[in-house]
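Below is one structure, written out as structure tokens, with a few remarks after it.
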Amino acid sequence: MKSAPFEYARPTTLTEALDLLDRHGEDCKPLAGGQSLVPLLAMRLARPSLLVDLDRVPELRGFSAERVGAMATNAQLERRAGDLPPVIAAALPHIGHFQIRNRGTVGGSLAHLDPAGEWPALALLLEAELTVESKRLGRRTLSAGQFMRGPMTTALGADELLLSVSWPRWPAGARWAFAEVARRPGDFALAGAACTVIAGRTRAVVFAVGPLPQLAGDGDFEVTGDLHASAAYRREVGKRLLDRVMTQAAM
Amino acid sequence: MEQSLRVKVNGQAVKREVPPRLTLADFLRDRLRLTGTHLGCEHGVCGACTVLLDGDAVRACLLLAVQADGREVTTVEGMGEPGRLTPLQRAFLEHGAFQCGFCTPGFLATGEALLRSGRRLSRAELPDLLAGNLCRCTGYGPIVDAILEAAGSR
């Protein structure tokens, strides 16, 4: 349960961070809040030779109602939840325990891409765009669907950094619902669902049931089982939660 | 290569050279011999290693020591001492909010953070707020009672 040795760099500008990633590529890993990466290092599931700590890169901080910097913590968002789309405000208390939200970042959650994570589901639900940058490819913008490739797998190149995530302005009168089931409040979801009704258009997402969050307005979704919950359990609970959020959002 | 780390621990400025892979929990326990911070699961589930970082409750097992550079850490050793307990520690004692004591430093850090947050704590919502700390002895009731008493909201 102890990490293999690695080197550590703490850049203080975006340019410096991108230079490091450009030079070290596959051998290095960006460190955001560390709430997922530090245990992966300890279990030696990740063995980078260099960690690039993004904590002091000012360009990655800050957020508004429609754009969140990658290094904004969930706790910072929670304190200003009233400024955010209400479906995000409802999801925030489920993102780990509050001690983990104090460190865990929005960008870290998206780049880690745990299928049980709330942020990937929110990104898909809100038709978010993710801005990424590298020295090699410059700055580019990906849809949530383009960004998410598989469990723990994103479209980010080894030299690329997620800068921010943004979504369309939340319109007045939009409706929404969010629900998830976990063993303890704040534990990883065993199944979850969220729904928006915007300008009469319903969009529903189910997450923590399969390899990625999925659009499932038609009630159809892929499930996988693991030691936390069986595929049959996730199909049943996912279906119930989906029904619940679609009913609630329609009311 | 070792990194230079400057951190304030329980009010005292500390400067050490540390390997980047050292967690804050191991730094506190093995380098500073502050063994009041306990390690249970070492992956963020049990809450035993919870400490305050710039006043916020965090998992010391999920932080590298180098991430605490320039910040202030408070462990259970910095919260009070025999004969001069904090109101929260006194309430834990009065309510029997611990038995084996393994989880207690983590609950005290979580409790301190909740008390300092200024939010109104209710018996209804405390179990959810405490969900990030596991206790195998008390059944949680006395811990909820102690935090409510310290919050003066009983």
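Ordering of the structure tokens sets the chain letters (A, B, ...); residue numbers start at 1 within each chain; ligands are numbered from 1 in the order shown.
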Produce a table with one row for each residue of segment 132-249 of chain A that has an atom at most 10 Å from any atom of segment 51-59 of chain A, each row naming the nearest atom pair and its distance in Å at one decimal; use only C-alpha atoms; arrange rows by chain and rising residue number; format as a Markdown table.
| residue | atom | partner | partner_atom | distance |
| --- | --- | --- | --- | --- |
| A:Leu161 | CA | A:Leu54 | CA | 9.9 |
| A:Leu163 | CA | A:Glu59 | CA | 7.9 |
| A:Ser164 | CA | A:Glu59 | CA | 9.5 |
>> At a cut-off of 10 Å, using only C-alpha atoms, what residues contact Asp54 of chain B? Leave out same-chain residues fewer than 6 positions from it and give the result as a ChimeraX atom specification.
In response: /B:8,68,70-74
> Hey, what's within 9 Å of Ser4 of chain B if we count only C-alpha atoms and toss same-chain stuff fewer than 5 positions away? As number ranges by chain, please?
Replying inline: B: 15-19, 66, 69
Chain B contacts to chain A at 6 Å (only C-alpha atoms) as a PDB file with N, CA and C atoms, in the first residue's frame:
ATOM      1  N   ARG B  21       6.745  10.532  -2.730  1.00  0.00           N
ATOM      2  CA  ARG B  21       5.720   9.494  -2.566  1.00  0.00           C
ATOM      3  C   ARG B  21       5.210   9.379  -1.132  1.00  0.00           C
ATOM      4  N   HIS B  43      -7.118   4.129   1.881  1.00  0.00           N
ATOM      5  CA  HIS B  43      -7.586   4.603   0.581  1.00  0.00           C
ATOM      6  C   HIS B  43      -8.854   5.457   0.664  1.00  0.00           C
ATOM      7  N   ALA B  57     -11.337  19.636   6.904  1.00  0.00           N
ATOM      8  CA  ALA B  57     -11.092  18.220   7.159  1.00  0.00           C
ATOM      9  C   ALA B  57     -10.691  17.530   5.859  1.00  0.00           C
ATOM     10  N   VAL B  58      -9.578  16.811   5.889  1.00  0.00           N
ATOM     11  CA  VAL B  58      -9.102  16.076   4.706  1.00  0.00           C
ATOM     12  C   VAL B  58      -8.555  14.723   5.159  1.00  0.00           C
ATOM     13  N   LEU B  62      -4.805  10.382   1.618  1.00  0.00           N
ATOM     14  CA  LEU B  62      -5.045  10.701   0.203  1.00  0.00           C
ATOM     15  C   LEU B  62      -4.302  11.954  -0.229  1.00  0.00           C
ATOM     16  N   GLY B 132     -18.451   9.677   6.426  1.00  0.00           N
ATOM     17  CA  GLY B 132     -17.080   9.458   5.974  1.00  0.00           C
ATOM     18  C   GLY B 132     -16.131   8.986   7.062  1.00  0.00           C
TER      19      GLY B 132
END
> Could you pull the residues within 12 Å of Gly219 of chain A, counting only C-alpha atoms, minus those fewer than 4 positions along the same chain, as a PyMOL selection string?
Replying inline: chain A and resi 193+203-206+214-215+235-236+238-246
Preceding selection exported with C-alpha atoms as a PDB file, in the first residue's frame:
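Final file, part-v4.pdb:
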ATOM      1  CA  ALA A 193     -29.565   8.592 -12.824  1.00  0.00           C
ATOM      2  CA  ARG A 203     -32.502  14.131 -21.620  1.00  0.00           C
ATOM      3  CA  ALA A 204     -31.813  11.285 -19.188  1.00  0.00           C
ATOM      4  CA  VAL A 205     -28.514   9.744 -18.157  1.00  0.00           C
ATOM      5  CA  VAL A 206     -27.832   6.607 -16.141  1.00  0.00           C
ATOM      6  CA  GLN A 214     -25.095   6.547 -20.861  1.00  0.00           C
ATOM      7  CA  LEU A 215     -28.001   8.400 -22.422  1.00  0.00           C
ATOM      8  CA  ARG A 235     -30.069  -3.185 -14.204  1.00  0.00           C
ATOM      9  CA  GLU A 236     -32.925  -3.260 -11.698  1.00  0.00           C
ATOM     10  CA  GLY A 238     -30.688   1.717 -12.617  1.00  0.00           C
ATOM     11  CA  LYS A 239     -34.095   1.217 -14.211  1.00  0.00           C
ATOM     12  CA  ARG A 240     -35.912   2.290 -11.028  1.00  0.00           C
ATOM     13  CA  LEU A 241     -33.754   5.399 -10.616  1.00  0.00           C
ATOM     14  CA  LEU A 242     -34.189   6.286 -14.276  1.00  0.00           C
ATOM     15  CA  ASP A 243     -37.972   5.980 -13.932  1.00  0.00           C
ATOM     16  CA  ARG A 244     -37.843   8.096 -10.791  1.00  0.00           C
ATOM     17  CA  VAL A 245     -35.793  10.978 -12.222  1.00  0.00           C
ATOM     18  CA  MET A 246     -37.796  11.043 -15.470  1.00  0.00           C
TER      19      MET A 246
END
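For the pair atom CA of Phe207 of chain A and atom CA of Trp176 of chain A, the interatomic distance is 15.8 Å.
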> Quick one: residues within 8 Å of segment 117-124 of chain B, only C-alpha atoms counted, chain neighbours fewer than 4 positions away excluded, as a PyMOL selection string?
Replying inline: chain B and resi 113+144+148+151+153
For Phe107 of chain B, work out the shell of residues within 12 Å, counting only C-alpha atoms and skipping chain neighbours fewer than 2 positions away, then give it as a JSON list (two decimals) with C-alpha atoms, in the first residue's frame.
[["chain", "number", "residue", "atom", "x", "y", "z"],
["A", 99, "GLN", "CA", -13.59, 15.58, 3.49],
["B", 37, "THR", "CA", -3.31, 10.26, 13.31],
["B", 38, "HIS", "CA", -4.39, 6.67, 12.68],
["B", 46, "CYS", "CA", -12.55, 4.73, 6.83],
["B", 47, "GLY", "CA", -11.77, 8.33, 7.82],
["B", 48, "ALA", "CA", -9.41, 7.37, 10.68],
["B", 49, "CYS", "CA", -6.60, 9.54, 9.28],
["B", 50, "THR", "CA", -8.74, 12.69, 8.94],
["B", 51, "VAL", "CA", -6.81, 15.87, 9.89],
["B", 52, "LEU", "CA", -7.39, 19.58, 9.35],
["B", 57, "ALA", "CA", -11.09, 18.22, 7.16],
["B", 58, "VAL", "CA", -9.10, 16.08, 4.71],
["B", 59, "ARG", "CA", -7.86, 12.50, 4.45],
["B", 75, "THR", "CA", -3.77, 16.79, 14.16],
["B", 76, "VAL", "CA", -5.37, 15.45, 17.32],
["B", 88, "LEU", "CA", -15.51, 18.59, 21.61],
["B", 89, "GLN", "CA", -13.04, 16.27, 23.38],
["B", 92, "PHE", "CA", -16.69, 12.84, 23.64],
["B", 97, "ALA", "CA", -18.23, 8.57, 22.30],
["B", 98, "PHE", "CA", -15.34, 6.11, 21.93],
["B", 101, "GLY", "CA", -10.30, 4.85, 20.33],
["B", 102, "PHE", "CA", -8.94, 3.94, 16.90],
["B", 103, "CYS", "CA", -11.43, 6.12, 14.99],
["B", 104, "THR", "CA", -11.49, 8.94, 17.56],
["B", 105, "PRO", "CA", -8.80, 11.29, 16.14],
["B", 109, "ALA", "CA", -11.07, 16.30, 13.12],
["B", 110, "THR", "CA", -14.37, 15.82, 11.27],
["B", 111, "GLY", "CA", -16.29, 17.16, 14.29],
["B", 112, "GLU", "CA", -14.01, 20.20, 14.63],
["B", 113, "ALA", "CA", -14.47, 21.02, 10.95],
["B", 114, "LEU", "CA", -18.25, 20.76, 11.30],
["B", 115, "LEU", "CA", -18.25, 22.97, 14.42],
["B", 129, "LEU", "CA", -22.27, 14.29, 7.64],
["B", 130, "LEU", "CA", -20.42, 11.63, 9.64],
["B", 131, "ALA", "CA", -20.73, 8.98, 6.92],
["B", 132, "GLY", "CA", -17.08, 9.46, 5.97],
["B", 133, "ASN", "CA", -15.82, 8.14, 9.32],
["B", 134, "LEU", "CA", -16.26, 4.53, 10.43],
["B", 135, "CYS", "CA", -16.62, 3.47, 14.09],
["B", 140, "TYR", "CA", -22.44, 6.30, 16.40],
["B", 142, "PRO", "CA", -22.82, 8.79, 21.46],
["B", 143, "ILE", "CA", -20.68, 10.50, 18.79],
["B", 144, "VAL", "CA", -23.73, 12.33, 17.43],
["B", 146, "ALA", "CA", -21.19, 14.60, 21.75],
["B", 147, "ILE", "CA", -20.96, 16.73, 18.59]]
>> Show me, as a ChimeraX atom specification, the residues that have an atom within 10 Å of Thr154 of chain A when counting only C-alpha atoms, minus same-chain residues fewer than 5 positions from it.
In response: /A:110-113,144-149
Could you turn the residues from that selection into a file that holds N, CA and C atoms, as a CSV table (one decimal), in the first residue's frame?
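File produced: part.csv:
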chain,number,residue,atom,x,y,z
A,110,LEU,N,-13.2,14.2,-13.9
A,110,LEU,CA,-13.5,14.0,-15.4
A,110,LEU,C,-12.3,13.3,-16.0
A,111,ALA,N,-11.1,13.6,-15.7
A,111,ALA,CA,-9.9,13.0,-16.3
A,111,ALA,C,-9.7,11.6,-15.8
A,112,HIS,N,-10.1,11.3,-14.6
A,112,HIS,CA,-10.0,10.0,-14.0
A,112,HIS,C,-11.1,9.1,-14.6
A,113,LEU,N,-12.2,9.6,-14.8
A,113,LEU,CA,-13.4,9.0,-15.5
A,113,LEU,C,-13.8,7.6,-14.9
A,144,ALA,N,-18.6,15.9,-24.4
A,144,ALA,CA,-18.5,14.9,-23.4
A,144,ALA,C,-18.4,13.5,-24.1
A,145,GLY,N,-19.2,13.3,-25.1
A,145,GLY,CA,-19.2,12.0,-25.8
A,145,GLY,C,-17.8,11.7,-26.4
A,146,GLN,N,-17.2,12.8,-27.0
A,146,GLN,CA,-15.9,12.6,-27.6
A,146,GLN,C,-14.8,12.3,-26.5
A,147,PHE,N,-15.0,13.0,-25.4
A,147,PHE,CA,-14.0,12.9,-24.3
A,147,PHE,C,-13.9,11.6,-23.7
A,148,MET,N,-15.1,11.0,-23.5
A,148,MET,CA,-15.2,9.7,-22.7
A,148,MET,C,-15.0,8.5,-23.7
A,149,ARG,N,-14.0,7.7,-23.5
A,149,ARG,CA,-13.7,6.6,-24.4
A,149,ARG,C,-14.1,5.3,-23.8
>> I'd like the interatomic distance between atom CA of Cys28 of chain A and atom CA of Arg29 of chain B, to a tenth of an Å.
In response: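 Atom CA of Arg29 of chain B lies 28.3 Å from atom CA of Cys28 of chain A.
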> So which bits of chain B end up helix (DSSP H, G or I) when you DSSP the backbone, as a VMD selection string?
Replying inline: chain B and resid 24 to 31 60 to 62 65 to 68 76 to 78 87 to 95 104 to 116 126 to 129 141 to 150
Writer output for current selection, C-alpha atoms, as a PDB file, in the first residue's frame:
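Here's the written file out-v9.pdb:
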ATOM      1  CA  LEU B  24       0.861  13.270   4.695  1.00  0.00           C
ATOM      2  CA  ALA B  25      -0.285  10.526   7.098  1.00  0.00           C
ATOM      3  CA  ASP B  26       3.087   8.736   6.950  1.00  0.00           C
ATOM      4  CA  PHE B  27       4.893  12.074   7.249  1.00  0.00           C
ATOM      5  CA  LEU B  28       2.979  12.893  10.433  1.00  0.00           C
ATOM      6  CA  ARG B  29       3.346   9.435  11.937  1.00  0.00           C
ATOM      7  CA  ASP B  30       6.817   8.310  10.847  1.00  0.00           C
ATOM      8  CA  ARG B  31       8.761  11.554  10.422  1.00  0.00           C
ATOM      9  CA  ALA B  60      -4.157  12.426   5.351  1.00  0.00           C
ATOM     10  CA  CYS B  61      -3.816   9.108   3.461  1.00  0.00           C
ATOM     11  CA  LEU B  62      -5.045  10.701   0.203  1.00  0.00           C
ATOM     12  CA  ALA B  65       3.080  15.380   2.173  1.00  0.00           C
ATOM     13  CA  VAL B  66       4.417  17.698  -0.553  1.00  0.00           C
ATOM     14  CA  GLN B  67       0.836  18.794  -1.303  1.00  0.00           C
ATOM     15  CA  ALA B  68       0.686  20.302   2.188  1.00  0.00           C
ATOM     16  CA  VAL B  76      -5.368  15.454  17.322  1.00  0.00           C
ATOM     17  CA  GLU B  77      -2.122  16.346  19.140  1.00  0.00           C
ATOM     18  CA  GLY B  78      -2.875  19.993  18.391  1.00  0.00           C
ATOM     19  CA  PRO B  87     -15.098  21.319  24.273  1.00  0.00           C
ATOM     20  CA  LEU B  88     -15.506  18.592  21.614  1.00  0.00           C
ATOM     21  CA  GLN B  89     -13.038  16.269  23.383  1.00  0.00           C
ATOM     22  CA  ARG B  90     -14.787  16.909  26.711  1.00  0.00           C
ATOM     23  CA  ALA B  91     -18.140  16.079  25.128  1.00  0.00           C
ATOM     24  CA  PHE B  92     -16.692  12.837  23.644  1.00  0.00           C
ATOM     25  CA  LEU B  93     -15.515  11.870  27.138  1.00  0.00           C
ATOM     26  CA  GLU B  94     -18.813  12.714  28.823  1.00  0.00           C
ATOM     27  CA  HIS B  95     -20.903  10.834  26.262  1.00  0.00           C
ATOM     28  CA  THR B 104     -11.491   8.945  17.559  1.00  0.00           C
ATOM     29  CA  PRO B 105      -8.801  11.288  16.140  1.00  0.00           C
ATOM     30  CA  GLY B 106     -10.551  11.164  12.761  1.00  0.00           C
ATOM     31  CA  PHE B 107     -13.964  11.848  14.292  1.00  0.00           C
ATOM     32  CA  LEU B 108     -12.510  14.740  16.291  1.00  0.00           C
ATOM     33  CA  ALA B 109     -11.073  16.303  13.115  1.00  0.00           C
ATOM     34  CA  THR B 110     -14.367  15.823  11.272  1.00  0.00           C
ATOM     35  CA  GLY B 111     -16.288  17.163  14.286  1.00  0.00           C
ATOM     36  CA  GLU B 112     -14.007  20.200  14.625  1.00  0.00           C
ATOM     37  CA  ALA B 113     -14.473  21.019  10.945  1.00  0.00           C
ATOM     38  CA  LEU B 114     -18.252  20.757  11.305  1.00  0.00           C
ATOM     39  CA  LEU B 115     -18.250  22.966  14.421  1.00  0.00           C
ATOM     40  CA  ARG B 116     -16.031  25.575  12.737  1.00  0.00           C
ATOM     41  CA  LEU B 126     -25.402  14.479  11.411  1.00  0.00           C
ATOM     42  CA  PRO B 127     -25.374  10.773  10.499  1.00  0.00           C
ATOM     43  CA  ASP B 128     -24.995  11.745   6.816  1.00  0.00           C
ATOM     44  CA  LEU B 129     -22.269  14.291   7.635  1.00  0.00           C
ATOM     45  CA  GLY B 141     -25.202   7.485  18.757  1.00  0.00           C
ATOM     46  CA  PRO B 142     -22.825   8.794  21.460  1.00  0.00           C
ATOM     47  CA  ILE B 143     -20.678  10.498  18.788  1.00  0.00           C
ATOM     48  CA  VAL B 144     -23.725  12.327  17.433  1.00  0.00           C
ATOM     49  CA  ASP B 145     -24.693  13.291  21.007  1.00  0.00           C
ATOM     50  CA  ALA B 146     -21.185  14.604  21.747  1.00  0.00           C
ATOM     51  CA  ILE B 147     -20.964  16.727  18.590  1.00  0.00           C
ATOM     52  CA  LEU B 148     -24.450  18.146  19.188  1.00  0.00           C
ATOM     53  CA  GLU B 149     -23.509  19.040  22.750  1.00  0.00           C
ATOM     54  CA  ALA B 150     -20.287  20.717  21.640  1.00  0.00           C
TER      55      ALA B 150
END
>> Just to confirm, what's the straight-line distance from atom CA of Met71 of chain A to atom CA of Leu45 of chain A in Å (one decimal)?
In response: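 Going from atom CA of Met71 of chain A over to atom CA of Leu45 of chain A, I get 23.1 Å.
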> Which of segment 51-134 of chain B counts as strand (DSSP E) under DSSP, as a ChimeraX atom specification please?
Replying inline: /B:51-53,56-59,72-74
